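**Q** This is the content of input_9.txt (compact mmCIF, C-alpha atoms and all ligand atoms):
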# COMPACT_ATOMS: atom_id res chain seq x y z
CA MET A 1 57.49 -42.53 30.84
CA PHE A 2 55.44 -42.31 27.61
CA ALA A 3 52.79 -44.79 26.47
CA ILE A 4 52.02 -44.75 22.74
CA PHE A 5 48.67 -46.13 21.59
CA GLY A 6 48.55 -47.16 17.92
CA SER A 7 52.31 -47.60 17.71
CA THR A 8 52.18 -49.52 14.40
CA GLY A 9 50.65 -46.67 12.37
CA THR A 10 52.33 -43.83 10.47
CA LEU A 11 52.72 -41.52 13.46
CA GLY A 12 53.15 -44.34 15.98
CA THR A 13 56.08 -45.72 13.98
CA ALA A 14 57.82 -42.31 14.01
CA LEU A 15 57.23 -42.03 17.76
CA ARG A 16 58.66 -45.51 18.35
CA GLU A 17 61.86 -44.38 16.63
CA ILE A 18 62.44 -41.47 19.01
CA ILE A 19 60.99 -42.75 22.28
CA LYS A 20 63.26 -45.48 23.51
CA ASP A 21 61.93 -45.94 27.02
CA GLY A 22 58.18 -46.24 26.55
CA LYS A 23 55.23 -48.61 26.49
CA PHE A 24 53.94 -49.35 23.01
CA HIS A 25 50.38 -50.47 22.46
CA THR A 26 49.54 -52.44 19.31
CA ARG A 27 46.35 -54.15 18.12
CA LYS A 28 47.85 -57.47 19.32
CA VAL A 29 48.18 -56.04 22.84
CA TRP A 30 44.54 -54.85 22.83
CA ASP A 31 41.99 -54.45 20.04
CA VAL A 32 40.30 -51.21 21.07
CA GLU A 33 36.98 -52.30 19.62
CA ASN A 34 36.86 -54.66 22.57
CA THR A 35 35.50 -52.57 25.44
CA ASP A 36 34.98 -55.47 27.87
CA GLY A 37 37.68 -55.07 30.48
CA LEU A 38 39.24 -52.10 28.69
CA GLU A 39 39.44 -49.96 31.81
CA VAL A 40 41.22 -52.67 33.77
CA PHE A 41 43.63 -53.27 30.89
CA LEU A 42 44.40 -49.53 30.72
CA LYS A 43 44.93 -49.22 34.46
CA ASN A 44 47.52 -52.02 34.33
CA PHE A 45 49.14 -50.88 31.08
CA LEU A 46 49.53 -47.30 32.33
CA GLU A 47 51.35 -48.24 35.52
CA GLY A 48 54.39 -45.95 35.76
CA VAL A 49 53.32 -43.84 32.75
CA ASN A 50 53.03 -40.06 33.02
CA THR A 51 52.24 -39.13 29.38
CA VAL A 52 50.03 -40.93 26.86
CA ILE A 53 49.99 -40.24 23.12
CA ASN A 54 46.89 -41.63 21.42
CA CYS A 55 47.55 -42.35 17.72
CA VAL A 56 44.88 -45.07 17.41
CA ALA A 57 42.31 -44.17 14.78
CA TYR A 58 39.97 -45.42 12.13
CA THR A 59 41.34 -43.31 9.24
CA ASP A 60 39.60 -44.57 6.08
CA VAL A 61 37.48 -41.53 5.20
CA ASN A 62 35.42 -43.27 2.48
CA LYS A 63 34.78 -46.52 4.36
CA ALA A 64 33.87 -44.61 7.54
CA GLU A 65 30.58 -43.62 5.88
CA PHE A 66 29.61 -47.32 5.68
CA GLU A 67 31.25 -48.57 8.89
CA ARG A 68 29.88 -45.87 11.17
CA ASP A 69 29.69 -47.95 14.35
CA LYS A 70 33.18 -49.36 13.97
CA CYS A 71 34.61 -45.90 13.24
CA TYR A 72 32.78 -44.43 16.27
CA LYS A 73 34.03 -47.19 18.58
CA ILE A 74 37.66 -46.62 17.60
CA ASN A 75 37.62 -42.82 17.23
CA VAL A 76 35.26 -41.89 20.08
CA GLU A 77 34.55 -44.76 22.50
CA PHE A 78 38.20 -45.68 22.93
CA PRO A 79 39.45 -42.11 23.60
CA LYS A 80 36.50 -41.66 25.97
CA VAL A 81 37.65 -44.55 28.20
CA LEU A 82 41.34 -43.69 27.76
CA SER A 83 40.78 -40.06 28.77
CA LYS A 84 38.72 -41.10 31.81
CA VAL A 85 41.50 -43.37 33.02
CA CYS A 86 44.16 -40.69 32.31
CA GLY A 87 42.03 -38.11 34.12
CA TYR A 88 41.57 -40.38 37.13
CA TYR A 89 45.29 -41.18 37.45
CA ASP A 90 46.42 -37.60 36.67
CA ILE A 91 48.23 -38.73 33.48
CA THR A 92 48.85 -36.23 30.67
CA LEU A 93 47.04 -37.19 27.47
CA ILE A 94 48.07 -36.06 23.98
CA HIS A 95 45.23 -36.89 21.61
CA ILE A 96 45.68 -36.54 17.83
CA SER A 97 42.94 -34.93 15.78
CA SER A 98 42.52 -33.84 12.20
CA ASP A 99 41.97 -31.02 9.71
CA TYR A 100 38.86 -33.03 8.66
CA ILE A 101 36.96 -31.57 11.63
CA PHE A 102 36.62 -28.43 9.48
CA SER A 103 34.28 -27.93 6.53
CA GLY A 104 36.96 -26.49 4.22
CA GLU A 105 34.71 -23.62 3.18
CA GLU A 106 36.65 -20.90 5.02
CA GLY A 107 39.96 -22.53 4.08
CA PHE A 108 42.41 -21.43 6.76
CA TYR A 109 41.70 -22.37 10.38
CA THR A 110 43.10 -21.31 13.74
CA GLU A 111 42.87 -23.34 16.92
CA ASN A 112 39.79 -21.30 17.96
CA ASP A 113 37.70 -21.77 14.81
CA LYS A 114 34.49 -23.73 15.14
CA PRO A 115 34.63 -27.31 13.81
CA LYS A 116 32.02 -28.25 11.22
CA PRO A 117 32.94 -31.62 9.71
CA LYS A 118 31.45 -32.84 6.44
CA GLY A 119 31.92 -36.59 6.77
CA TRP A 120 31.63 -39.24 9.48
CA TYR A 121 35.40 -39.60 9.99
CA GLY A 122 35.63 -35.85 10.66
CA GLU A 123 32.58 -35.96 12.89
CA THR A 124 34.03 -38.75 15.05
CA LYS A 125 37.31 -36.83 15.35
CA ARG A 126 35.34 -33.71 16.39
CA ILE A 127 33.44 -35.65 19.07
CA SER A 128 36.68 -37.26 20.25
CA GLU A 129 38.06 -33.79 21.00
CA GLU A 130 35.02 -32.97 23.13
CA VAL A 131 35.09 -36.18 25.18
CA VAL A 132 38.82 -36.03 25.77
CA LEU A 133 38.70 -32.39 26.92
CA GLU A 134 35.77 -33.21 29.17
CA ASN A 135 37.44 -36.17 30.88
CA CYS A 136 41.07 -35.21 31.24
CA ARG A 137 42.38 -31.98 32.71
CA LYS A 138 45.99 -32.51 31.60
CA CYS A 139 45.15 -32.76 27.96
CA TYR A 140 46.55 -31.68 24.57
CA ILE A 141 44.53 -31.94 21.38
CA VAL A 142 46.91 -31.84 18.43
CA ARG A 143 45.29 -31.38 15.03
CA THR A 144 47.36 -32.31 12.03
CA SER A 145 47.00 -32.95 8.32
CA TRP A 146 47.97 -35.58 5.70
CA ILE A 147 50.77 -37.30 7.65
CA PHE A 148 53.46 -39.16 5.70
CA GLY A 149 56.20 -41.49 6.87
CA LYS A 150 57.46 -45.04 7.23
CA ASN A 151 54.70 -47.68 7.46
CA GLY A 152 52.24 -45.08 6.14
CA ARG A 153 49.10 -46.26 4.40
CA ASN A 154 47.99 -42.85 3.21
CA PHE A 155 48.49 -40.93 -0.02
CA PHE A 156 51.70 -38.97 0.67
CA SER A 157 53.36 -42.06 2.20
CA ILE A 158 52.59 -44.34 -0.73
CA MET A 159 52.77 -41.94 -3.71
CA PRO A 160 56.58 -41.40 -3.60
CA LEU A 161 57.18 -45.16 -3.39
CA LYS A 162 54.99 -45.70 -6.47
CA LEU A 163 56.76 -42.90 -8.36
CA LEU A 164 60.07 -44.59 -7.64
CA LYS A 165 58.78 -47.77 -9.25
CA ASN A 166 57.32 -45.77 -12.19
CA GLU A 167 53.84 -47.05 -11.27
CA ASP A 168 50.71 -45.10 -12.24
CA ILE A 169 49.38 -42.65 -9.68
CA SER A 170 45.73 -41.67 -9.32
CA THR A 171 45.19 -38.32 -7.68
CA HIS A 172 43.44 -34.94 -7.97
CA ASP A 173 43.80 -31.20 -7.50
CA GLU A 174 40.53 -30.57 -5.66
CA GLN A 175 41.82 -30.26 -2.11
CA ILE A 176 44.44 -27.94 -0.66
CA VAL A 177 46.27 -29.51 2.25
CA CYS A 178 49.52 -29.22 4.21
CA PRO A 179 51.28 -32.61 4.18
CA THR A 180 53.01 -33.28 7.49
CA PRO A 181 56.13 -35.45 7.98
CA ALA A 182 55.51 -38.02 10.72
CA LYS A 183 59.07 -37.58 11.97
CA PHE A 184 58.61 -33.86 12.49
CA LEU A 185 55.24 -34.34 14.17
CA ALA A 186 56.67 -37.00 16.50
CA ARG A 187 59.50 -34.66 17.56
CA MET A 188 57.00 -31.85 18.24
CA LEU A 189 54.67 -34.12 20.23
CA VAL A 190 57.31 -35.12 22.74
CA LYS A 191 57.99 -31.41 23.33
CA ILE A 192 54.38 -30.20 23.43
CA THR A 193 54.16 -30.77 27.19
CA GLU A 194 56.36 -27.67 27.62
CA TYR A 195 53.31 -25.65 26.55
CA PRO A 196 50.01 -25.07 28.39
CA TYR A 197 47.28 -27.71 28.01
CA GLY A 198 44.87 -27.07 25.12
CA ILE A 199 44.37 -27.31 21.39
CA TYR A 200 47.30 -27.04 18.95
CA HIS A 201 47.80 -27.14 15.18
CA LEU A 202 50.94 -28.91 13.96
CA THR A 203 51.44 -29.39 10.20
CA GLY A 204 53.95 -29.10 7.38
CA LYS A 205 54.60 -25.70 5.79
CA THR A 206 53.43 -25.98 2.21
CA PRO A 207 49.77 -25.80 1.17
CA LEU A 208 49.28 -27.71 -2.07
CA THR A 209 46.94 -30.05 -3.89
CA PRO A 210 47.75 -33.77 -3.96
CA LEU A 211 48.34 -33.38 -7.72
CA GLU A 212 50.80 -30.52 -7.20
CA GLY A 213 52.60 -32.56 -4.53
CA THR A 214 52.81 -35.55 -6.86
CA ILE A 215 54.25 -33.46 -9.72
CA LEU A 216 56.87 -31.90 -7.41
CA VAL A 217 58.08 -35.34 -6.27
CA LYS A 218 57.84 -36.83 -9.79
CA ASP A 219 60.04 -34.06 -11.21
CA ALA A 220 62.48 -34.18 -8.31
CA ILE A 221 63.15 -37.89 -8.75
CA ASN A 222 62.72 -38.09 -12.55
CA SER A 223 59.92 -40.63 -12.35
CA LYS A 224 58.27 -41.94 -15.54
CA SER A 225 54.92 -42.62 -13.81
CA ASN A 226 51.66 -41.63 -15.47
CA ILE A 227 49.31 -39.51 -13.38
CA ASN A 228 45.58 -40.22 -13.69
CA LEU A 229 43.05 -37.73 -12.39
CA LEU A 230 40.25 -38.89 -10.12
CA LYS A 231 37.34 -37.16 -8.38
CA PRO A 232 37.42 -37.18 -4.59
CA ASN A 233 34.10 -37.13 -2.74
CA LEU A 234 34.06 -33.54 -1.46
CA LYS A 235 30.77 -34.16 0.34
CA ILE A 236 32.80 -35.85 3.08
CA ARG A 237 36.10 -33.91 2.84
CA PRO A 238 37.17 -30.30 3.36
CA ARG A 239 38.28 -28.57 0.13
CA VAL A 240 40.82 -26.23 1.74
CA SER A 241 41.93 -27.25 5.23
CA VAL A 242 45.09 -25.36 6.06
CA LEU A 243 45.69 -25.35 9.83
CA LEU A 244 47.24 -22.17 11.20
CA ASP A 245 49.44 -22.26 14.29
CA THR A 246 48.84 -19.15 16.39
CA LYS A 247 50.29 -20.56 19.62
CA ILE A 248 53.77 -22.01 19.21
CA GLY A 249 55.40 -20.26 16.26
CA TYR A 250 57.42 -23.34 15.34
CA LYS A 251 59.42 -23.67 12.11
CA LYS A 252 57.27 -25.66 9.69
CA PRO A 253 58.98 -28.22 7.47
CA PRO A 254 58.76 -27.37 3.73
CA PHE A 255 57.15 -30.05 1.55
CA VAL A 256 59.79 -30.95 -1.04
CA GLU A 257 62.67 -31.03 1.43
CA SER A 258 60.82 -33.24 3.92
CA ILE A 259 59.30 -35.64 1.41
CA LEU A 260 62.66 -36.16 -0.28
CA GLU A 261 64.16 -36.87 3.12
CA TYR A 262 61.46 -39.52 3.60
CA VAL A 263 62.22 -41.03 0.18
CA GLY A 264 65.94 -40.99 0.97
CA GLU A 265 65.44 -42.71 4.28
CA ALA A 266 63.57 -45.52 2.65
CA GLY A 267 66.98 -46.21 1.06
CA LEU A 268 65.56 -45.45 -2.32
CA HIS A 269 67.66 -42.50 -3.47
CA ARG A 270 70.41 -44.97 -4.21
CA ARG A 271 68.05 -47.02 -6.39
CA ILE A 272 67.19 -43.93 -8.42
CA ALA A 273 70.86 -43.11 -8.84
CA ASP A 274 71.46 -46.68 -10.03
CA GLN A 275 68.61 -46.41 -12.53
CA ASP A 276 70.01 -43.13 -13.85
CA ARG A 277 73.48 -44.55 -14.55
N1 LIG B 301 47.04 -40.05 8.26
C1 LIG B 301 46.74 -38.79 8.11
O1 LIG B 301 46.95 -38.24 7.03
C2 LIG B 301 46.13 -38.01 9.23
C3 LIG B 301 45.75 -36.68 9.02
C4 LIG B 301 45.21 -35.95 10.10
C5 LIG B 301 45.07 -36.55 11.35
N2 LIG B 301 45.42 -37.86 11.51
C6 LIG B 301 45.27 -38.45 12.84
O2 LIG B 301 46.57 -38.79 13.31
C7 LIG B 301 46.51 -39.95 14.14
C8 LIG B 301 47.52 -40.98 13.66
O3 LIG B 301 47.20 -41.31 12.31
P1 LIG B 301 48.08 -42.33 11.46
O4 LIG B 301 48.22 -41.75 10.10
O5 LIG B 301 49.32 -42.71 12.21
O6 LIG B 301 47.06 -43.53 11.38
P2 LIG B 301 47.30 -45.02 10.84
O7 LIG B 301 48.61 -45.09 10.12
O8 LIG B 301 46.06 -45.40 10.13
O9 LIG B 301 47.47 -45.86 12.20
C9 LIG B 301 46.34 -46.08 13.02
C10 LIG B 301 46.77 -46.89 14.22
O10 LIG B 301 45.58 -47.24 14.93
C11 LIG B 301 45.61 -48.65 15.17
N3 LIG B 301 44.27 -49.21 15.24
C12 LIG B 301 43.22 -48.99 14.39
N4 LIG B 301 42.16 -49.72 14.78
C13 LIG B 301 42.54 -50.40 15.89
C14 LIG B 301 41.90 -51.31 16.77
N5 LIG B 301 40.63 -51.71 16.56
N6 LIG B 301 42.59 -51.80 17.83
C15 LIG B 301 43.87 -51.43 18.06
N7 LIG B 301 44.55 -50.58 17.26
C16 LIG B 301 43.89 -50.06 16.19
C17 LIG B 301 46.35 -49.21 13.96
O11 LIG B 301 46.77 -50.53 14.23
P3 LIG B 301 47.08 -51.57 13.01
O12 LIG B 301 48.44 -51.19 12.50
O13 LIG B 301 47.03 -52.89 13.65
O14 LIG B 301 45.99 -51.37 11.98
C18 LIG B 301 47.49 -48.20 13.86
O15 LIG B 301 48.48 -48.48 14.81
C19 LIG B 301 45.05 -40.40 14.10
O16 LIG B 301 44.37 -39.88 15.22
C20 LIG B 301 44.49 -39.75 12.84
O17 LIG B 301 43.10 -39.52 12.94
C21 LIG B 301 45.95 -38.59 10.49
Any chance you could put this one into structure tokens?
Ligand SMILES: NC(=O)c1ccc[n+]([C@@H]2O[C@H](COP(=O)([O-])OP(=O)(O)OC[C@H]3O[C@@H](n4cnc5c(N)ncnc54)[C@H](OP(=O)(O)O)[C@@H]3O)[C@@H](O)[C@H]2O)c1

**A**
Amino acid sequence: MFAIFGSTGTLGTALREIIKDGKFHTRKVWDVENTDGLEVFLKNFLEGVNTVINCVAYTDVNKAEFERDKCYKINVEFPKVLSKVCGYYDITLIHISSDYIFSGEEGFYTENDKPKPKGWYGETKRISEEVVLENCRKCYIVRTSWIFGKNGRNFFSIMPLKLLKNEDISTHDEQIVCPTPAKFLARMLVKITEYPYGIYHLTGKTPLTPLEGTILVKDAINSKSNINLLKPNLKIRPRVSVLLDTKIGYKKPPFVESILEYVGEAGLHRRIADQDR
């Protein structure tokens, strides 16, 4: 049986849709900033579980610089305890990490490249990889990039919904990233246990800037939105963080096809068709 931690987030929501018989942690079940009694809670919660997927994270890259302790507690302290408990009970742990562990100077990264994060969010994700690998033998680290899907709070989840309402979008063309559909990632995660333990890169296929991605969706759905350019803080973000998969050789989902599928599933294609009549 699977246990999903952070089941209300972008990836957790996609996992909930495909894993029917699982245990689903939410903030209401346990706020992971609370470490008093955490081990006991985990021992009880993981009864009967053989695979854990940890999607809990502090993901606000800008705020992380000012809320360092909070970010560390959620991104490092929690996985540390979780991985210890998984290690002790011989449970397989799939821990999600990020392209933000890389500096973005080299641009394209394999699973073996050395992490060198620029910001605190990336640094906490880097440390989380170390602690999890140290504590749990049956462990997968899955690094991904710019996830989008239902319940998403991040750029590629929200941007298409704004375009549909012809609302202004603020974005930039200063990073090159591979947006990753949550649905695809969720499907891959439940299969990853067929592979040896270790570090994996799972992302979408198409490297692009957030501006390029926005224009592709805007044109595809005939949106009237204005696009405003902003300056991201590249002191805390990688400029080019394309993750290369050298281990699985899976078929990566192309950007336009997968993002339009996401838009369609939100039941919004029909609204566009209505507007066009
Ligand atoms: N989003 C991306 O573009 C991206 C890119 C690369 C890697 N990743 C990694 O992928 C994983 C999943 O990301 P995501 O996009 O699904 O994140 P998300 O949408 O921000 O969801 C984060 C989850 O963590 C939970 N959480 C946060 N603080 C908590 C706390 N104190 N106690 C209990 N639960 C807490 C949230 O609960 P609430 O719903 O209650 O807030 C939510 O379920 C993370 O490890 C992230 O670092 C994400």

**Q** Do you have the CA of Lys114 (chain A)-CA of Glu174 (chain A) distance handy?

**A**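 Between CA of Lys114 (chain A) and CA of Glu174 (chain A) the gap works out to 22.7 Å.
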
**Q** Build an axis-aligned box that encloses every atom of ligand LIG 301 (chain B) listed in the file, pad it by 3 Å on each side, and report its centre and edge lengths in Å to one decimal, as JSON.

**A**
{"center_x": 45.0, "center_y": -44.4, "center_z": 12.5, "size_x": 14.7, "size_y": 22.9, "size_z": 17.0}

**Q** With a cut-off of 7 Å, could you pull out the residues of chain A touching ligand LIG 301 (chain B) and give me the nearest pair of atoms for each, distance in Å to one decimal, using all atoms listed in the file, ordered by chain and ascending number, as JSON lines?

**A**
{"residue": "A:Gly6", "atom": "CA", "partner": "B:LIG301", "partner_atom": "O15", "distance": 3.4}
{"residue": "A:Ser7", "atom": "CA", "partner": "B:LIG301", "partner_atom": "O15", "distance": 4.9}
{"residue": "A:Thr8", "atom": "CA", "partner": "B:LIG301", "partner_atom": "O15", "distance": 3.9}
{"residue": "A:Gly9", "atom": "CA", "partner": "B:LIG301", "partner_atom": "O9", "distance": 3.3}
{"residue": "A:Thr10", "atom": "CA", "partner": "B:LIG301", "partner_atom": "O5", "distance": 3.7}
{"residue": "A:Leu11", "atom": "CA", "partner": "B:LIG301", "partner_atom": "O5", "distance": 3.8}
{"residue": "A:Gly12", "atom": "CA", "partner": "B:LIG301", "partner_atom": "O5", "distance": 5.6}
{"residue": "A:Thr26", "atom": "CA", "partner": "B:LIG301", "partner_atom": "N7", "distance": 5.7}
{"residue": "A:Arg27", "atom": "CA", "partner": "B:LIG301", "partner_atom": "C15", "distance": 3.7}
{"residue": "A:Trp30", "atom": "CA", "partner": "B:LIG301", "partner_atom": "C15", "distance": 5.9}
{"residue": "A:Asp31", "atom": "CA", "partner": "B:LIG301", "partner_atom": "N6", "distance": 3.5}
{"residue": "A:Val32", "atom": "CA", "partner": "B:LIG301", "partner_atom": "N6", "distance": 4.0}
{"residue": "A:Glu33", "atom": "CA", "partner": "B:LIG301", "partner_atom": "N5", "distance": 4.8}
{"residue": "A:Asn54", "atom": "CA", "partner": "B:LIG301", "partner_atom": "O16", "distance": 6.9}
{"residue": "A:Cys55", "atom": "CA", "partner": "B:LIG301", "partner_atom": "C8", "distance": 4.3}
{"residue": "A:Val56", "atom": "CA", "partner": "B:LIG301", "partner_atom": "O10", "distance": 3.4}
{"residue": "A:Ala57", "atom": "CA", "partner": "B:LIG301", "partner_atom": "O10", "distance": 4.5}
{"residue": "A:Tyr58", "atom": "CA", "partner": "B:LIG301", "partner_atom": "C12", "distance": 5.3}
{"residue": "A:Thr59", "atom": "CA", "partner": "B:LIG301", "partner_atom": "O8", "distance": 5.2}
{"residue": "A:Ile74", "atom": "CA", "partner": "B:LIG301", "partner_atom": "N5", "distance": 6.0}
{"residue": "A:Ile96", "atom": "CA", "partner": "B:LIG301", "partner_atom": "O16", "distance": 4.4}
{"residue": "A:Ser97", "atom": "CA", "partner": "B:LIG301", "partner_atom": "C6", "distance": 5.1}
{"residue": "A:Ser98", "atom": "CA", "partner": "B:LIG301", "partner_atom": "C5", "distance": 3.8}
{"residue": "A:Asp99", "atom": "CA", "partner": "B:LIG301", "partner_atom": "C4", "distance": 5.9}
{"residue": "A:Lys125", "atom": "CA", "partner": "B:LIG301", "partner_atom": "O17", "distance": 6.8}
{"residue": "A:Arg143", "atom": "CA", "partner": "B:LIG301", "partner_atom": "C5", "distance": 6.3}
{"residue": "A:Thr144", "atom": "CA", "partner": "B:LIG301", "partner_atom": "C4", "distance": 4.6}
{"residue": "A:Ser145", "atom": "CA", "partner": "B:LIG301", "partner_atom": "C4", "distance": 3.9}
{"residue": "A:Trp146", "atom": "CA", "partner": "B:LIG301", "partner_atom": "O1", "distance": 3.1}
{"residue": "A:Ile147", "atom": "CA", "partner": "B:LIG301", "partner_atom": "O1", "distance": 4.0}
{"residue": "A:Phe148", "atom": "CA", "partner": "B:LIG301", "partner_atom": "O1", "distance": 6.7}
{"residue": "A:Gly152", "atom": "CA", "partner": "B:LIG301", "partner_atom": "O7", "distance": 5.4}
{"residue": "A:Arg153", "atom": "CA", "partner": "B:LIG301", "partner_atom": "O7", "distance": 5.9}
{"residue": "A:Asn154", "atom": "CA", "partner": "B:LIG301", "partner_atom": "N1", "distance": 5.9}

**Q** To one decimal place in Å, what is the distance between CA of Tyr140 (chain A) and CA of Ile127 (chain A)?

**A**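 Interatomic distance here is 14.8 Å.
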
**Q** Could you tell me which of A:Pro160, A:Gly104, A:Pro196, A:Pro115 comes closest to Ile176 (chain A) if we count all atoms listed in the file?

**A**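 Looking at the shortest contact to Ile176 (chain A), the residue is A:Gly104.
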
**Q** Because some atoms of region 133-146 of chain A are absent here, can you restore N, CA, C and O atoms and send them as a PDB file, in the coordinates of the input?

**A**
ATOM      1  N   LEU A 133      38.573 -33.638  26.138  1.00  0.00           N
ATOM      2  CA  LEU A 133      38.700 -32.390  26.920  1.00  0.00           C
ATOM      3  C   LEU A 133      37.829 -32.435  28.169  1.00  0.00           C
ATOM      4  O   LEU A 133      38.188 -31.898  29.212  1.00  0.00           O
ATOM      5  N   GLU A 134      36.692 -33.113  28.041  1.00  0.00           N
ATOM      6  CA  GLU A 134      35.770 -33.210  29.170  1.00  0.00           C
ATOM      7  C   GLU A 134      36.343 -34.095  30.292  1.00  0.00           C
ATOM      8  O   GLU A 134      36.156 -33.814  31.470  1.00  0.00           O
ATOM      9  N   ASN A 135      37.045 -35.157  29.891  1.00  0.00           N
ATOM     10  CA  ASN A 135      37.440 -36.170  30.880  1.00  0.00           C
ATOM     11  C   ASN A 135      38.818 -35.985  31.479  1.00  0.00           C
ATOM     12  O   ASN A 135      39.133 -36.585  32.495  1.00  0.00           O
ATOM     13  N   CYS A 136      39.667 -35.236  30.797  1.00  0.00           N
ATOM     14  CA  CYS A 136      41.070 -35.210  31.240  1.00  0.00           C
ATOM     15  C   CYS A 136      41.554 -33.766  31.319  1.00  0.00           C
ATOM     16  O   CYS A 136      41.597 -33.068  30.314  1.00  0.00           O
ATOM     17  N   ARG A 137      41.949 -33.374  32.500  1.00  0.00           N
ATOM     18  CA  ARG A 137      42.380 -31.980  32.710  1.00  0.00           C
ATOM     19  C   ARG A 137      43.736 -31.719  32.047  1.00  0.00           C
ATOM     20  O   ARG A 137      43.953 -30.696  31.425  1.00  0.00           O
ATOM     21  N   LYS A 138      44.640 -32.706  32.163  1.00  0.00           N
ATOM     22  CA  LYS A 138      45.990 -32.510  31.600  1.00  0.00           C
ATOM     23  C   LYS A 138      45.990 -33.026  30.162  1.00  0.00           C
ATOM     24  O   LYS A 138      46.461 -34.143  29.902  1.00  0.00           O
ATOM     25  N   CYS A 139      45.399 -32.223  29.293  1.00  0.00           N
ATOM     26  CA  CYS A 139      45.150 -32.760  27.960  1.00  0.00           C
ATOM     27  C   CYS A 139      45.610 -31.824  26.846  1.00  0.00           C
ATOM     28  O   CYS A 139      45.441 -30.603  26.933  1.00  0.00           O
ATOM     29  N   TYR A 140      46.196 -32.413  25.791  1.00  0.00           N
ATOM     30  CA  TYR A 140      46.550 -31.680  24.570  1.00  0.00           C
ATOM     31  C   TYR A 140      45.778 -32.312  23.417  1.00  0.00           C
ATOM     32  O   TYR A 140      45.807 -33.543  23.260  1.00  0.00           O
ATOM     33  N   ILE A 141      45.117 -31.475  22.631  1.00  0.00           N
ATOM     34  CA  ILE A 141      44.530 -31.940  21.380  1.00  0.00           C
ATOM     35  C   ILE A 141      45.458 -31.409  20.293  1.00  0.00           C
ATOM     36  O   ILE A 141      45.641 -30.188  20.186  1.00  0.00           O
ATOM     37  N   VAL A 142      46.031 -32.299  19.503  1.00  0.00           N
ATOM     38  CA  VAL A 142      46.910 -31.840  18.430  1.00  0.00           C
ATOM     39  C   VAL A 142      46.277 -32.197  17.092  1.00  0.00           C
ATOM     40  O   VAL A 142      46.131 -33.370  16.755  1.00  0.00           O
ATOM     41  N   ARG A 143      45.873 -31.155  16.364  1.00  0.00           N
ATOM     42  CA  ARG A 143      45.290 -31.380  15.030  1.00  0.00           C
ATOM     43  C   ARG A 143      46.393 -31.321  13.989  1.00  0.00           C
ATOM     44  O   ARG A 143      47.239 -30.411  14.020  1.00  0.00           O
ATOM     45  N   THR A 144      46.343 -32.273  13.072  1.00  0.00           N
ATOM     46  CA  THR A 144      47.360 -32.310  12.030  1.00  0.00           C
ATOM     47  C   THR A 144      46.704 -32.650  10.690  1.00  0.00           C
ATOM     48  O   THR A 144      45.471 -32.719  10.594  1.00  0.00           O
ATOM     49  N   SER A 145      47.542 -32.836   9.663  1.00  0.00           N
ATOM     50  CA  SER A 145      47.000 -32.950   8.320  1.00  0.00           C
ATOM     51  C   SER A 145      47.877 -33.854   7.444  1.00  0.00           C
ATOM     52  O   SER A 145      49.103 -33.717   7.471  1.00  0.00           O
ATOM     53  N   TRP A 146      47.305 -34.762   6.729  1.00  0.00           N
ATOM     54  CA  TRP A 146      47.970 -35.580   5.700  1.00  0.00           C
ATOM     55  C   TRP A 146      49.404 -35.999   6.086  1.00  0.00           C
ATOM     56  O   TRP A 146      50.389 -35.586   5.467  1.00  0.00           O
TER      57      TRP A 146
END
